[in-house]
$ cat protein_17.cif   # mmCIF, C-alpha atoms and all ligand atoms
data_model
#
loop_
_atom_site.label_atom_id
_atom_site.label_comp_id
_atom_site.auth_asym_id
_atom_site.auth_seq_id
_atom_site.Cartn_x
_atom_site.Cartn_y
_atom_site.Cartn_z
CA MET A 275 103.91 90.53 67.90
CA SER A 276 103.74 93.23 65.26
CA ASP A 277 103.46 96.90 66.16
CA ALA A 278 100.01 96.98 64.55
CA GLU A 279 98.76 94.69 67.32
CA ALA A 280 100.44 96.66 70.10
CA LEU A 281 98.42 99.57 71.44
CA LEU A 282 101.06 100.46 74.00
CA ILE A 283 104.81 100.03 73.85
CA ALA A 284 106.88 101.15 76.84
CA GLN A 285 110.63 100.81 76.53
CA ASP A 286 113.12 100.84 79.40
CA LEU A 287 111.05 103.24 81.48
CA ARG A 288 112.67 104.83 84.47
CA ARG A 289 111.29 107.29 86.99
CA GLU A 290 113.43 108.74 89.73
CA TYR A 291 112.51 111.25 92.39
CA HIS A 292 115.04 113.55 94.00
CA MET A 293 114.30 113.93 97.71
CA GLY A 294 116.98 116.25 99.11
CA ASP A 295 120.17 114.22 98.83
CA ASP A 296 118.29 110.98 98.29
CA LEU A 297 117.33 109.49 94.96
CA VAL A 298 114.19 107.33 94.95
CA ARG A 299 114.18 104.92 92.01
CA ALA A 300 110.46 104.18 91.76
CA VAL A 301 110.60 102.55 88.30
CA ARG A 302 113.97 101.11 87.34
CA GLY A 303 113.78 99.94 83.72
CA VAL A 304 110.40 98.58 82.66
CA SER A 305 109.53 97.46 79.15
CA LEU A 306 105.96 96.48 78.42
CA ARG A 307 103.87 95.87 75.31
CA VAL A 308 100.13 95.71 75.54
CA ASN A 309 98.06 94.42 72.63
CA ARG A 310 94.85 96.02 71.48
CA GLY A 311 91.95 94.47 73.38
CA ASP A 312 94.13 93.04 76.13
CA TYR A 313 93.39 93.21 79.85
CA VAL A 314 96.49 93.50 82.04
CA ALA A 315 96.64 93.54 85.83
CA ILE A 316 99.76 94.96 87.51
CA VAL A 317 100.33 93.57 90.99
CA GLY A 318 103.08 93.68 93.61
CA PRO A 319 103.90 94.86 97.11
CA SER A 320 103.14 98.38 98.31
CA GLY A 321 105.77 100.86 97.12
CA CYS A 322 107.09 98.67 94.27
CA GLY A 323 106.24 101.31 91.65
CA LYS A 324 102.84 100.23 90.28
CA SER A 325 101.15 103.63 90.42
CA THR A 326 104.28 105.33 89.15
CA LEU A 327 104.35 102.98 86.15
CA LEU A 328 100.64 103.45 85.49
CA ASN A 329 101.03 107.23 85.53
CA LEU A 330 103.90 106.95 83.04
CA VAL A 331 102.03 104.70 80.59
CA GLY A 332 98.92 106.85 80.99
CA GLY A 333 100.81 110.03 80.14
CA ILE A 334 100.06 111.71 83.50
CA ASP A 335 103.76 111.73 84.39
CA HIS A 336 106.99 112.05 82.39
CA PRO A 337 109.65 109.32 82.63
CA SER A 338 113.21 110.17 83.69
CA ALA A 339 114.28 107.92 80.79
CA GLY A 340 112.69 105.58 78.28
CA SER A 341 109.74 105.92 75.93
CA VAL A 342 105.99 105.38 75.84
CA THR A 343 104.20 104.93 72.53
CA ILE A 344 100.41 104.72 72.44
CA ASP A 345 98.68 104.04 69.13
CA GLY A 346 101.88 105.12 67.38
CA ALA A 347 102.28 108.41 69.28
CA ARG A 348 105.29 109.09 71.52
CA ILE A 349 103.48 110.54 74.54
CA ASP A 350 106.69 110.95 76.57
CA GLN A 351 107.88 113.51 74.02
CA MET A 352 104.72 115.60 74.05
CA SER A 353 104.36 118.96 75.77
CA ASP A 354 102.00 118.96 78.74
CA ALA A 355 99.30 120.61 76.65
CA ASP A 356 99.63 118.05 73.84
CA ALA A 357 99.68 115.18 76.34
CA THR A 358 96.52 116.50 77.97
CA ARG A 359 94.80 116.70 74.57
CA PHE A 360 95.98 113.21 73.68
CA ARG A 361 94.79 111.73 76.99
CA LEU A 362 91.39 113.31 76.62
CA ARG A 363 90.79 111.41 73.36
CA HIS A 364 92.73 108.19 73.87
CA ILE A 365 92.96 107.27 77.55
CA GLY A 366 90.35 106.94 80.29
CA PHE A 367 91.41 107.07 83.96
CA VAL A 368 89.79 105.51 87.00
CA PHE A 369 91.22 106.02 90.49
CA GLN A 370 90.71 104.46 93.90
CA ARG A 371 89.06 107.62 95.27
CA PHE A 372 86.80 108.27 92.26
CA TYR A 373 87.68 112.02 91.96
CA LEU A 374 84.28 113.11 90.73
CA MET A 375 83.45 116.82 90.74
CA PRO A 376 81.38 117.24 93.94
CA ALA A 377 79.25 120.12 92.68
CA LEU A 378 78.22 118.33 89.47
CA THR A 379 75.52 115.70 89.06
CA ALA A 380 76.31 112.22 87.76
CA ILE A 381 75.34 113.12 84.21
CA GLU A 382 77.30 116.39 84.34
CA ASN A 383 80.39 114.52 85.57
CA VAL A 384 80.12 112.15 82.62
CA GLU A 385 79.61 115.06 80.21
CA LEU A 386 82.70 116.90 81.42
CA PRO A 387 85.36 115.17 79.25
CA MET A 388 83.06 115.58 76.24
CA ALA A 389 82.69 119.30 76.99
CA GLU A 390 86.47 119.54 77.21
CA ALA A 391 86.63 117.80 73.81
CA ARG A 392 84.12 120.43 72.57
CA LEU A 393 81.37 118.03 71.59
CA PRO A 394 77.98 119.69 71.07
CA ARG A 395 75.67 119.62 74.07
CA ASN A 396 72.93 117.42 72.59
CA HIS A 397 75.53 114.83 71.64
CA ARG A 398 77.07 114.99 75.13
CA VAL A 399 73.79 114.53 76.91
CA ARG A 400 72.79 111.61 74.68
CA ARG A 401 76.09 109.80 75.19
CA ALA A 402 76.19 110.52 78.94
CA ARG A 403 72.71 108.98 79.27
CA GLU A 404 73.81 105.92 77.32
CA LEU A 405 76.94 105.57 79.46
CA LEU A 406 75.07 105.88 82.74
CA ALA A 407 72.65 103.21 81.55
CA TYR A 408 75.63 101.06 80.50
CA VAL A 409 77.17 101.21 83.99
CA GLY A 410 73.77 100.48 85.58
CA LEU A 411 72.96 103.98 86.82
CA GLY A 412 70.16 104.98 84.48
CA ASP A 413 68.12 106.20 87.45
CA ARG A 414 70.80 108.32 89.14
CA HIS A 415 71.45 111.08 86.57
CA ASP A 416 70.75 113.97 88.88
CA HIS A 417 72.51 112.73 92.01
CA ARG A 418 75.66 114.53 93.06
CA PRO A 419 78.60 112.37 94.26
CA ALA A 420 77.69 112.85 97.95
CA GLN A 421 74.24 111.48 97.10
CA LEU A 422 75.68 108.24 95.65
CA SER A 423 77.18 105.15 97.29
CA GLY A 424 80.88 104.39 96.79
CA GLY A 425 80.11 101.74 94.20
CA GLU A 426 77.79 104.11 92.36
CA GLN A 427 80.44 106.84 92.40
CA GLN A 428 82.94 104.41 90.88
CA ARG A 429 80.39 103.52 88.18
CA VAL A 430 80.05 107.22 87.34
CA ALA A 431 83.86 107.43 87.23
CA ILE A 432 83.96 104.54 84.75
CA ALA A 433 81.24 106.15 82.62
CA ARG A 434 83.24 109.40 82.67
CA ALA A 435 86.45 107.55 81.73
CA LEU A 436 84.67 106.05 78.70
CA ALA A 437 83.08 109.34 77.60
CA ASN A 438 85.37 110.04 74.65
CA LYS A 439 85.62 106.37 73.61
CA PRO A 440 89.25 105.84 74.67
CA GLN A 441 91.17 102.85 73.30
CA LEU A 442 92.86 102.45 76.67
CA LEU A 443 91.39 102.46 80.17
CA VAL A 444 93.86 102.66 83.05
CA ALA A 445 92.67 102.09 86.60
CA ASP A 446 94.60 102.37 89.87
CA GLU A 447 93.03 100.26 92.65
CA PRO A 448 89.48 100.73 91.32
CA THR A 449 88.05 98.38 93.98
CA GLY A 450 90.28 99.69 96.79
CA GLU A 451 87.53 101.63 98.56
CA LEU A 452 84.66 99.24 97.88
CA ASP A 453 83.20 96.46 99.99
CA ALA A 454 83.40 92.87 98.73
CA LYS A 455 79.99 92.77 97.02
CA THR A 456 80.35 96.16 95.35
CA GLY A 457 83.91 95.21 94.40
CA THR A 458 82.64 92.07 92.68
CA GLU A 459 80.16 94.15 90.68
CA MET A 460 82.97 96.52 89.71
CA ILE A 461 85.12 93.59 88.55
CA GLU A 462 82.23 92.42 86.35
CA LEU A 463 81.76 95.91 84.92
CA ILE A 464 85.46 96.28 84.09
CA ALA A 465 85.44 92.85 82.40
CA GLN A 466 82.42 93.96 80.38
CA VAL A 467 84.23 97.14 79.29
CA ASN A 468 87.15 94.98 78.11
CA HIS A 469 84.77 92.55 76.40
CA ASP A 470 83.23 95.50 74.56
CA GLY A 471 86.62 96.38 73.07
CA THR A 472 88.55 98.67 75.42
CA THR A 473 92.14 97.74 76.31
CA ILE A 474 92.60 97.79 80.08
CA ILE A 475 95.56 98.15 82.43
CA VAL A 476 94.63 97.91 86.08
CA VAL A 477 96.84 98.21 89.17
CA THR A 478 95.45 96.24 92.06
CA HIS A 479 95.95 94.48 95.40
CA ASP A 480 92.61 92.73 94.86
CA GLU A 481 93.23 89.09 93.94
CA ASP A 482 89.74 88.69 92.49
CA LEU A 483 90.29 91.66 90.19
CA ALA A 484 93.71 90.35 89.11
CA ARG A 485 92.12 86.97 88.38
CA ALA A 486 89.67 88.61 85.98
CA ALA A 487 92.50 89.96 83.78
CA ARG A 488 93.92 88.08 80.79
CA ARG A 489 97.49 88.80 81.80
CA VAL A 490 99.15 89.49 85.16
CA VAL A 491 102.36 91.51 85.49
CA HIS A 492 104.18 91.23 88.83
CA MET A 493 106.40 94.10 89.94
CA ARG A 494 108.97 94.25 92.69
CA ASP A 495 111.36 97.08 93.57
CA GLY A 496 110.59 99.03 90.41
CA VAL A 497 110.97 96.23 87.86
CA ILE A 498 108.79 93.53 86.30
CA VAL A 499 109.64 90.13 87.80
CA ASP A 500 106.90 88.04 86.20
CA ASP A 501 104.52 88.48 83.29
CA ARG A 502 102.10 85.75 82.29
CA ARG A 503 98.80 85.08 80.60
CA GLN A 504 96.13 83.27 82.56
CA ASP A 505 93.07 81.28 81.61
CA PRO A 506 89.80 83.17 81.66
CA PRO A 507 87.94 82.81 85.01
N1 LIG A 601 106.12 112.08 94.11
C1 LIG A 601 107.01 111.26 94.70
N2 LIG A 601 108.13 111.74 95.25
C2 LIG A 601 109.03 110.93 95.84
N3 LIG A 601 108.89 109.59 95.93
C3 LIG A 601 107.78 109.06 95.40
C4 LIG A 601 106.78 109.84 94.77
N4 LIG A 601 105.79 109.03 94.35
C5 LIG A 601 106.16 107.80 94.71
N5 LIG A 601 107.35 107.80 95.34
C6 LIG A 601 108.06 106.61 95.83
O1 LIG A 601 108.21 105.72 94.77
C7 LIG A 601 107.99 104.38 95.18
C8 LIG A 601 106.89 103.76 94.35
O2 LIG A 601 105.66 104.39 94.65
P1 LIG A 601 104.27 103.95 93.98
O3 LIG A 601 103.25 104.93 94.43
O4 LIG A 601 104.47 103.78 92.52
O5 LIG A 601 104.04 102.52 94.66
P2 LIG A 601 102.83 101.49 94.51
O6 LIG A 601 103.39 100.21 94.01
O7 LIG A 601 101.73 102.11 93.72
O8 LIG A 601 102.37 101.28 96.03
P3 LIG A 601 100.90 101.08 96.66
O9 LIG A 601 100.53 99.66 96.38
O10 LIG A 601 101.11 101.32 98.12
O11 LIG A 601 99.98 102.07 96.03
C9 LIG A 601 107.68 104.44 96.67
O12 LIG A 601 108.85 104.13 97.37
C10 LIG A 601 107.29 105.88 96.90
O13 LIG A 601 107.63 106.30 98.19
MG MG A 602 99.81 102.77 94.20
#

$ encode --input "protein_17.cif" --output "structure tokens" --more "lines below"
Ligand SMILES: Nc1ncnc2c1ncn2[C@@H]1O[C@H](COP(=O)(O)OP(=O)(O)OP(=O)(O)O)[C@@H](O)[C@H]1O
Ligand SMILES: [Mg+2]
Amino acid sequence: MSDAEALLIAQDLRREYHMGDDLVRAVRGVSLRVNRGDYVAIVGPSGCGKSTLLNLVGGIDHPSAGSVTIDGARIDQMSDADATRFRLRHIGFVFQRFYLMPALTAIENVELPMAEARLPRNHRVRRARELLAYVGLGDRHDHRPAQLSGGEQQRVAIARALANKPQLLVADEPTGELDAKTGTEMIELIAQVNHDGTTIIVVTHDEDLARAARRVVHMRDGVIVDDRRQDPP
């Protein structure tokens, strides 16, 4: 695989936490390459380091050792301010608990990353409308998070994550708080986002979600123990 194909290259990543006299080795030497357009699920037992790894490859957290290159940029070497700017343009995040701004409406939540990227208001509103329609919420623009169902809130979170047209979407347990039916709809939406060109890395305990990915990476005790492609569902 050439580097032109690889959107993400992580090399020998380590993340340790000092807890008093104890050292927690959450990620203990992980190397991972993810091609442009790929869809990777990271699975494994609770506490094996999935979220820690996702936060490292998403530039939310700094590794204790190793490197992360996204689209040719070494994000592990960036200052916090540069990493924040880079994430805003290149990476979309979706979390189990949605993390929408409670005081803002759906459309305002989707506009927020575009406002941070200083896009003009008319452009923001137009794109936020398109994104809400894309995630199936064209009729919920003016609802605040508390006025939306869990599944609808996660749709807003996906629209927000896509606001600045990131190459990479990272999601940590995006169906973790949803019931089975809403979870299935979310799995379909995430597959659609990948089909439309966004590279996806998703951490999940949800077997149906993992089955929808093109590639499944198994972690255990802070390392990758299995990494294989699977046939499309
Ligand atoms: N901020 C932190 N400080 C100290 N230890 C941490 C911290 N974050 C995570 N850990 C530890 O690192 C290990 C990996 O945690 P991580 O959250 O990555 O697991 P996970 O695979 O995402 O688990 P789950 O499936 O339950 O979400 C765990 O043993 C955890 O206790
Ligand atoms: Mg986790």

$ atom_distance --input "protein_17.cif" --atom1 "CA of His415 (chain A)" --atom2 "CA of Gly450 (chain A)"
24.3 Å

$ closest_atom_pairs --input "protein_17.cif" --of "chain A" --to "ligand LIG 601 (chain A)" --cutoff "9 Å" --atoms "only C-alpha atoms and all ligand atoms" --output "CSV"
residue,atom,partner,partner_atom,distance
A:Arg289,CA,A:LIG601,O1,8.5
A:Glu290,CA,A:LIG601,N3,7.7
A:Tyr291,CA,A:LIG601,C2,4.9
A:His292,CA,A:LIG601,C2,6.8
A:Met293,CA,A:LIG601,C2,6.3
A:Leu297,CA,A:LIG601,C2,8.5
A:Val298,CA,A:LIG601,N3,5.8
A:Arg299,CA,A:LIG601,O1,6.6
A:Ala300,CA,A:LIG601,O1,4.1
A:Val301,CA,A:LIG601,C8,7.2
A:Val317,CA,A:LIG601,O6,7.9
A:Gly318,CA,A:LIG601,O6,6.5
A:Pro319,CA,A:LIG601,O9,5.9
A:Ser320,CA,A:LIG601,O9,3.5
A:Gly321,CA,A:LIG601,O5,3.4
A:Cys322,CA,A:LIG601,O6,4.0
A:Gly323,CA,A:LIG601,O4,3.2
A:Lys324,CA,A:LIG601,O6,3.8
A:Ser325,CA,A:LIG601,O7,3.7
A:Thr326,CA,A:LIG601,O4,3.7
A:Leu327,CA,A:LIG601,O4,6.4
A:Leu328,CA,A:LIG601,O4,8.0
A:Asn329,CA,A:LIG601,O4,8.5
A:Asp446,CA,A:LIG601,O7,8.1
A:Glu447,CA,A:LIG601,O11,7.9
A:Val477,CA,A:LIG601,O7,7.7
A:Thr478,CA,A:LIG601,O9,7.5
A:His479,CA,A:LIG601,O9,7.0
A:Met493,CA,A:LIG601,O6,7.9
A:Arg494,CA,A:LIG601,O6,8.3
A:Asp495,CA,A:LIG601,C8,8.1
A:Gly496,CA,A:LIG601,C8,7.2

$ atom_distance --input "protein_17.cif" --atom1 "CA of Arg310 (chain A)" --atom2 "CA of Leu282 (chain A)"
8.0 Å

$ closest_residue --input "protein_17.cif" --among "A:Met375, A:Ala339, A:Leu306, A:Leu362" --to "Arg288 (chain A)" --atoms "all atoms listed in the file"
A:Ala339

$ residues_around --input "protein_17.cif" --residues "region 420-427 of chain A" --least-positions-apart "3" --cutoff "8 Å" --atoms "only C-alpha atoms" --output "list in words"
Phe372, Leu374, Pro376, Leu411, His417, Val430, Ala431, Glu451, Leu452, Thr456, Gly457 and Met460 of chain A

$ residues_near_point --input "protein_17.cif" --point "(97.8, 104.2, 80.6)" --cutoff "9 Å" --atoms "all atoms listed in the file" --output "list in words"
Leu282, Leu327, Leu328, Asn329, Leu330, Val331, Gly332, Gly333, Ile334, Ile344, Arg361, Ile365, Gly366, Phe367, Leu442, Leu443, Val444, Ala445, Ile474, Ile475 and Val476 of chain A

$ write_last_selection --input "protein_17.cif" --atoms "C-alpha atoms" --output "tab-separated table (two decimals), keeping the file's coordinate frame"
chain	number	residue	atom	x	y	z
A	282	LEU	CA	101.06	100.46	74.00
A	327	LEU	CA	104.35	102.98	86.15
A	328	LEU	CA	100.64	103.45	85.49
A	329	ASN	CA	101.03	107.23	85.53
A	330	LEU	CA	103.90	106.95	83.04
A	331	VAL	CA	102.03	104.70	80.59
A	332	GLY	CA	98.92	106.85	80.99
A	333	GLY	CA	100.81	110.03	80.14
A	334	ILE	CA	100.06	111.71	83.50
A	344	ILE	CA	100.41	104.72	72.44
A	361	ARG	CA	94.79	111.73	76.99
A	365	ILE	CA	92.96	107.27	77.55
A	366	GLY	CA	90.35	106.94	80.29
A	367	PHE	CA	91.41	107.07	83.96
A	442	LEU	CA	92.86	102.45	76.67
A	443	LEU	CA	91.39	102.46	80.17
A	444	VAL	CA	93.86	102.66	83.05
A	445	ALA	CA	92.67	102.09	86.60
A	474	ILE	CA	92.60	97.79	80.08
A	475	ILE	CA	95.56	98.15	82.43
A	476	VAL	CA	94.63	97.91	86.08

$ residues_around --input "protein_17.cif" --residues "Ala402 (chain A)" --least-positions-apart "5" --cutoff "7 Å" --atoms "all atoms listed in the file" --output "ChimeraX atom specification"
/A:381,384-385

$ write_last_selection --input "protein_17.cif" --atoms "C-alpha atoms" --output "short mmCIF file (atom, residue, chain, number, x, y, z; two decimals), in the frame of the given file"
data_model
loop_
_atom_site.label_atom_id
_atom_site.label_comp_id
_atom_site.auth_asym_id
_atom_site.auth_seq_id
_atom_site.Cartn_x
_atom_site.Cartn_y
_atom_site.Cartn_z
CA ILE A 381 75.34 113.12 84.21
CA VAL A 384 80.12 112.15 82.62
CA GLU A 385 79.61 115.06 80.21
#

$ atom_distance --input "protein_17.cif" --atom1 "CA of Phe369 (chain A)" --atom2 "CA of Arg395 (chain A)"
26.4 Å

$ closest_residue --input "protein_17.cif" --among "A:Ala486, A:Ile464, A:Ile316, A:Val497" --to "ligand MG 602 (chain A)" --atoms "all atoms listed in the file"
A:Ile316

$ closest_residue --input "protein_17.cif" --among "A:Leu386, A:Leu463, A:Leu378, A:Ala454" --to "Asn438 (chain A)" --atoms "all atoms listed in the file"
A:Leu386

$ closest_residue --input "protein_17.cif" --among "A:Val304, A:Leu436, A:Met388, A:Ala355" --to "Asp470 (chain A)" --atoms "all atoms listed in the file"
A:Leu436

$ decode --input "protein_17.cif" --residues "region 285-311 of chain A" --atoms "C-alpha atoms" --output "CSV table (one decimal), in the first residue's frame"
chain,number,residue,atom,x,y,z
A,285,GLN,CA,3.2,3.8,14.2
A,286,ASP,CA,4.0,2.1,17.4
A,287,LEU,CA,1.5,4.1,19.4
A,288,ARG,CA,1.7,4.0,23.2
A,289,ARG,CA,-0.3,5.7,25.8
A,290,GLU,CA,0.4,5.3,29.5
A,291,TYR,CA,-1.3,6.9,32.5
A,292,HIS,CA,0.5,7.6,35.7
A,293,MET,CA,-1.9,6.8,38.7
A,294,GLY,CA,0.1,7.5,41.8
A,295,ASP,CA,2.8,4.8,41.9
A,296,ASP,CA,0.9,2.7,39.2
A,297,LEU,CA,1.5,2.9,35.5
A,298,VAL,CA,-1.5,2.0,33.4
A,299,ARG,CA,-0.5,0.9,29.9
A,300,ALA,CA,-3.7,1.6,28.0
A,301,VAL,CA,-2.2,1.3,24.5
A,302,ARG,CA,1.0,-0.7,24.3
A,303,GLY,CA,2.4,-0.4,20.7
A,304,VAL,CA,-0.2,-0.2,18.0
A,305,SER,CA,0.5,0.4,14.3
A,306,LEU,CA,-2.4,0.9,12.0
A,307,ARG,CA,-2.8,2.1,8.4
A,308,VAL,CA,-6.2,3.2,7.2
A,309,ASN,CA,-6.8,3.7,3.5
A,310,ARG,CA,-8.8,6.6,2.1
A,311,GLY,CA,-12.5,5.5,1.8
